[in-house]
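Asker: Okay, handing you the structure first.
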Amino acid sequence: MSMKDFTYRLGEFWADFRKETSGLIGLGILALCVVVVLAEPLFLPYSDVNGNWRNISYWEDNPQAAPPAWTNLFAKEKSATTSRYKSPVVTDEDDPEFGAVRVYTFKYGYKFDKAPLDIILRAKGTGMLFMNISIERPDGESVFLGQVYQDGLDGDPIRFAVETDARSAVYEFIRNFASDEAISNSDSSNVKPTDIIFSKAGENMLSAREPLKGEYLVRIKIPASILEDGTNTIEDLRLLVTGRVSGVLGTDTAKRDLYSGIIAGLKWALFIGLVTSVISVLVGVMYGIICAYFGGLTDTLMSFVFEVFVSMPMLPILIVLSAIFKPSIWIIIGSMIVFYWVGPVKTVRSMALQIKEETYIEAAKALGSGKWRIIFKHMAPLLLPYSFANMALSVPGAIVAESSLSLLGLGDPSIITWGQILHDAQLSGATLNGLWWWIVPPGLFIALMGMTFAFLGFAMDKILHPKLRTR
Amino acid sequence: MYKWYALKRILRGVFMYALLMFLFSLLFNQVNEQTQRSQINEQVKMESSRLRNLKPDQLVAWRDNRMSQLTTMYKLDRPLGERVLFRAVNTITFKFGRSTIIKSSKGEQDVLSILMEALPRTMMLFSSAIVLELVFGVWLGLKKAQKPGGRLDKSTSFVTMIIYGMPSWWLGMMLILLFVYVLKLFPSGGVNSVPTPEGFMFVLDRLWHMILPIMTLVFLGFWSLAFVIRNLVLGILQEDYIMSARARGVPENKVLFGHTLRTAAPPIVTMALLSLLASLSGAIIFEGIFSWPGLGNLYWVAVQQNDIPVLMGDLAITTGIYQAGLVFLDLIYGFLDPRIKVGGKA
């Protein structure tokens, strides 16, 4: 069979395939997935997710276990979203306490019903730095948050988080309003500083909070005398207001952005599925052809080996193998191939037995072609199209198998897969705590991959096995 | 003759099982021996702490002696081939040894009794799921084949494709989320409530715990079964004798369930059981989600506790069940296919 024949048959196949709506849907989703994988940086809000999935400090500014941002659309009480501010307004003022100061001001418009989880200030400093941080509320009250003093800095990052660093300062603010009784009645460890900052001041601001909407000013005061000295500088001052809802798919309890994880997991799912199925189906088809063509003792021996592999339950063995040898993803893929190649062997062998008896094979033999030439030139091209449907249909199995291993915690920790996300969810009891955004999307994407390849595979199957066509 | 056919098939199954056990014992030889050695160390340490009235050098001598005695007993001093064979024979004869951490509910550390405790629970769950799946699958498959390309056929085939790659354990998680935490209808897992009720209530309680896992399994399983059955039956429905039966005025249901199903029975049973065997091996994860303390859940626990003997024993038993399933399948096939029963060529 020449190249021309092949392209002709491919064209014929495409003409048939175009009529299958579900096959086209599958092809469309697959194309979309490939585009997402190729242009991954465009889709990732956290571009360094690939090396940092298990790096806790990379995610420390995110809210913990926050639902997706779009849940606000359905909620009666709107939750604060995450917002970032980069360039503060710089003014020089006179301060009663510190004298001449340079003030960096961030403006934050608060228009939600549920306060943000945290306010985080980040900067890079050199030399010696002193900062006085406070927040001015729309009602004219000013909340002192804390002071940062650091020496011997050399471009080191400075981080000030209200949730951890300003707790006691905020309680001081409560004391101005709430009665002693209310304070002693409330459990202070349960009160979030941000809840206090963003609610109306009053007697019962601890028990019944009402949101105070409006413009908030975060002011960072640095005494001018410090900055006059050229060795002390502050750069890259940023403010981050951590929302109660976050991103497209929310965050998990380790503050990781789940949407980034899902997108980064897509390429691995595709890779694992495609590599495993393509290699194993090719091996299986060749195995079947060789069995049938050589016959005799070779056939008997090879069929026996085939039977040994068929009678092994794949997943249990994979689990025990990975539990004991802690393999990398490459070895996991390799061992999946070891179990998956048996899929097409039986059908291919019986089909090859028929083809072997055709007259053109006899003619080829009479013309003096070698056995490998006959196998590769005359038999394989006839049987390979059959294997395409098989390849597509065995992709979901491979993806699910890897996810199952990962779900047990036996995956390769150097990559991100959807199974691993589900493992973390299972481990932290996401079902128990109702963190549905942590469980639904990864599994939905596994199912979506399965659906895509099922669409493709069933459509191809229908074309290649006309007997199943619906009349 | 069917008798000989059956005997031959069973023997081949036993041989295959033995061969697989040998392969496993070769593959996992190193880790097995490590576990064995540390278990011997543990045992000697425990025994020596009970000894009294021994001088230190006597104690050391006793310890060395006991150690080498145990090493000989477990054949750890023999060449590799013999060690592997010894372990394989032990596995085949169900001598799995003692677990390192996991205990059965009675507190035994014998791996076999731990496994035997879990086995019936797995069997109970999956056999009931299998029966339901078969009933729904055969019914839907026949209905689909009756009007290929019809609305029912198309819509159900579409559903089959949508759930084709859906992991059963994920669907389990979803159903738990929905039925346990939102609707609060079923328990989240386990085989029985605590405290366990007695008598008739025990049965009801057990059923109540089984509904959710079985629902998950059946919901995912019977679509693809119906699809396979549809394809098999579709070919048969075009045969001449079906047409003649219809022409004779045989009722449609009798044509479907009598004529067609009888001819299609052998491949249907094969396909059905094969897909169910595949789902059984995938069910390892599934049981963990529902904390159903069967063989699959034991894998979870053994992996987490790093209990190698239990892991190995579980693998052996699972392989055994799988093998038995394959043999059973061929036996049923032979029974249903008259060509094999009378000794003709299949």
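Going by the structure tokens order, chains are called A, B, ..., each with residues numbered from 1, while ligands are numbered from 1 in the order shown.
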May I have the residues within 8 Å of Ile196 of chain A as an NGL selection string, using only C-alpha atoms and disregarding those fewer than 3 positions away in the same chain?
Answerer: :A and (170 or 174 or 191-193 or 199 or 205-206)
Asker: Give me, as a tab-separated table, each residue of chain B that comes within 8 Å of chain A, together with its shortest interatomic pair and the distance in Å at one decimal, counting only C-alpha atoms, with rows ordered by chain and rising residue number.
Answerer:
```
residue	atom	partner	partner_atom	distance
B:Met16	CA	A:Val308	CA	6.9
B:Leu20	CA	A:Val308	CA	7.6
B:Val31	CA	A:Ile324	CA	7.4
B:Pro148	CA	A:Thr470	CA	5.6
B:Gly149	CA	A:Thr470	CA	5.3
B:Met161	CA	A:Ala454	CA	5.4
B:Ile162	CA	A:Met451	CA	4.7
B:Ile163	CA	A:Met451	CA	6.5
B:Tyr164	CA	A:Gly450	CA	5.8
B:Gly165	CA	A:Gly450	CA	3.7
B:Met166	CA	A:Ala447	CA	4.3
B:Pro167	CA	A:Val400	CA	6.3
B:Trp170	CA	A:Gly443	CA	5.9
B:Met173	CA	A:Thr431	CA	7.1
B:Met174	CA	A:Val440	CA	7.2
B:Ile176	CA	A:Thr431	CA	7.4
B:Leu177	CA	A:Thr431	CA	5.8
B:Tyr181	CA	A:Leu432	CA	7.4
B:Asn231	CA	A:Leu468	CA	6.5
B:Leu234	CA	A:Leu468	CA	7.7
B:Gly235	CA	A:Lys467	CA	7.7
B:Ala278	CA	A:Pro313	CA	7.7
B:Ser281	CA	A:Leu315	CA	6.1
B:Gly282	CA	A:Leu315	CA	6.4
B:Ile284	CA	A:Pro316	CA	7.4
B:Ile285	CA	A:Ser404	CA	6.6
B:Trp300	CA	A:Leu408	CA	6.7
B:Val303	CA	A:Ala323	CA	6.2
B:Asn306	CA	A:Ala323	CA	7.9
B:Leu311	CA	A:Val320	CA	6.9
B:Met312	CA	A:Val320	CA	7.7
B:Leu315	CA	A:Pro316	CA	6.4
B:Thr318	CA	A:Pro316	CA	7.6
B:Thr319	CA	A:Pro313	CA	6.1
B:Tyr322	CA	A:Pro313	CA	6.6
B:Gln323	CA	A:Ser311	CA	6.1
B:Leu326	CA	A:Ser311	CA	7.5
```
Asker: What's the 10 Å shell around Tyr386 of chain A, counting only C-alpha atoms, without same-chain residues fewer than 2 positions away, as a count of residues only?
Answerer: 17
Asker: Quick one: residues within 12 Å of segment 239-245 of chain B, only C-alpha atoms, excluding same-chain residues fewer than 6 positions away - as a list in words?
Answerer: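 Here the answer would be Gln146, Val233, Pro251, Glu252, Asn253, Lys254, Val255, Leu256, Phe257, Gly258, His259, Thr260, Leu261, Arg262, Thr263 and Ala264 of chain B.
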Asker: Since we have the selection now, will you write its residues out, keeping N, CA and C atoms, as a PDB file, in the first residue's frame?
Answerer:
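Okay, this is what ended up in part.pdb:
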```
ATOM      1  N   GLN B 146     -33.947  -3.316  19.482  1.00  0.00           N
ATOM      2  CA  GLN B 146     -35.219  -3.479  18.791  1.00  0.00           C
ATOM      3  C   GLN B 146     -35.436  -2.362  17.776  1.00  0.00           C
ATOM      4  N   VAL B 233     -26.899  -8.219  19.989  1.00  0.00           N
ATOM      5  CA  VAL B 233     -28.244  -8.629  19.620  1.00  0.00           C
ATOM      6  C   VAL B 233     -28.603  -8.118  18.227  1.00  0.00           C
ATOM      7  N   PRO B 251     -45.160 -13.421  19.339  1.00  0.00           N
ATOM      8  CA  PRO B 251     -45.171 -12.113  19.990  1.00  0.00           C
ATOM      9  C   PRO B 251     -43.756 -11.533  20.083  1.00  0.00           C
ATOM     10  N   GLU B 252     -43.670 -10.207  19.952  1.00  0.00           N
ATOM     11  CA  GLU B 252     -42.368  -9.544  19.889  1.00  0.00           C
ATOM     12  C   GLU B 252     -41.516  -9.832  21.133  1.00  0.00           C
ATOM     13  N   ASN B 253     -42.167  -9.829  22.315  1.00  0.00           N
ATOM     14  CA  ASN B 253     -41.407 -10.087  23.537  1.00  0.00           C
ATOM     15  C   ASN B 253     -40.820 -11.483  23.542  1.00  0.00           C
ATOM     16  N   LYS B 254     -41.561 -12.432  22.965  1.00  0.00           N
ATOM     17  CA  LYS B 254     -41.065 -13.801  22.936  1.00  0.00           C
ATOM     18  C   LYS B 254     -39.911 -13.917  21.951  1.00  0.00           C
ATOM     19  N   VAL B 255     -40.001 -13.179  20.850  1.00  0.00           N
ATOM     20  CA  VAL B 255     -38.895 -13.170  19.889  1.00  0.00           C
ATOM     21  C   VAL B 255     -37.638 -12.636  20.581  1.00  0.00           C
ATOM     22  N   LEU B 256     -37.827 -11.548  21.330  1.00  0.00           N
ATOM     23  CA  LEU B 256     -36.673 -10.914  21.982  1.00  0.00           C
ATOM     24  C   LEU B 256     -36.083 -11.805  23.064  1.00  0.00           C
ATOM     25  N   PHE B 257     -36.958 -12.194  24.011  1.00  0.00           N
ATOM     26  CA  PHE B 257     -36.414 -12.881  25.188  1.00  0.00           C
ATOM     27  C   PHE B 257     -36.217 -14.370  24.951  1.00  0.00           C
ATOM     28  N   GLY B 258     -36.991 -14.956  24.021  1.00  0.00           N
ATOM     29  CA  GLY B 258     -36.841 -16.372  23.737  1.00  0.00           C
ATOM     30  C   GLY B 258     -35.800 -16.625  22.667  1.00  0.00           C
ATOM     31  N   HIS B 259     -36.117 -16.252  21.455  1.00  0.00           N
ATOM     32  CA  HIS B 259     -35.256 -16.597  20.322  1.00  0.00           C
ATOM     33  C   HIS B 259     -33.920 -15.872  20.356  1.00  0.00           C
ATOM     34  N   THR B 260     -33.986 -14.552  20.503  1.00  0.00           N
ATOM     35  CA  THR B 260     -32.758 -13.769  20.381  1.00  0.00           C
ATOM     36  C   THR B 260     -31.841 -13.972  21.573  1.00  0.00           C
ATOM     37  N   LEU B 261     -32.420 -13.848  22.763  1.00  0.00           N
ATOM     38  CA  LEU B 261     -31.589 -13.894  23.961  1.00  0.00           C
ATOM     39  C   LEU B 261     -30.913 -15.253  24.103  1.00  0.00           C
ATOM     40  N   ARG B 262     -31.612 -16.321  23.680  1.00  0.00           N
ATOM     41  CA  ARG B 262     -31.012 -17.640  23.818  1.00  0.00           C
ATOM     42  C   ARG B 262     -29.767 -17.767  22.940  1.00  0.00           C
ATOM     43  N   THR B 263     -29.849 -17.244  21.722  1.00  0.00           N
ATOM     44  CA  THR B 263     -28.702 -17.324  20.825  1.00  0.00           C
ATOM     45  C   THR B 263     -27.588 -16.402  21.287  1.00  0.00           C
ATOM     46  N   ALA B 264     -27.985 -15.250  21.794  1.00  0.00           N
ATOM     47  CA  ALA B 264     -26.972 -14.268  22.170  1.00  0.00           C
ATOM     48  C   ALA B 264     -26.385 -14.553  23.548  1.00  0.00           C
TER      49      ALA B 264
END
```
Asker: Just checking: using only C-alpha atoms, which residue out of B:Tyr299, B:Ser275, B:Leu331, B:Trp4 ends up closest to Ile102 of chain B?
Answerer: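 Smallest distance to Ile102 of chain B is found for B:Tyr299.
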Asker: Assign secondary structure with DSSP using the backbone only, and return the residues of segment 247-382 of chain A in alpha helix (DSSP H) as number ranges by chain.
Answerer: A: 258-294, 296-310, 314-325, 329-340, 345-356, 359-366, 371-373, 380-382
Asker: When distances are computed from only C-alpha atoms, which of A:Asp252, A:Pro441, A:Gly284, A:Thr7 shows the smallest separation from Gly429 of chain A?
Answerer: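 When distances to Gly429 of chain A are compared using only C-alpha atoms, the smallest one comes from A:Asp252.
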Asker: Show me, as a PyMOL selection string, the residues that have an atom within 12 Å of Lys221 of chain A when counting only C-alpha atoms, minus same-chain residues fewer than 5 positions from it.
Answerer: chain A and resi 88-106+129-135+144-149+226-227+234
Asker: Write out as a list in words which residues come within 10 Å of Glu141 of chain A when counting only C-alpha atoms, dropping same-chain ones fewer than 5 positions away.
Answerer: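 Those residues are Ile135, Glu136, Phe173, Ile197 and Ala201 of chain A.
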Asker: Could you state the separation of atom CA of Ile421 of chain A and atom CA of Val248 of chain A in Å, given to one decimal place?
Answerer: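 Atom CA of Val248 of chain A lies at a distance of 15.8 Å from atom CA of Ile421 of chain A.
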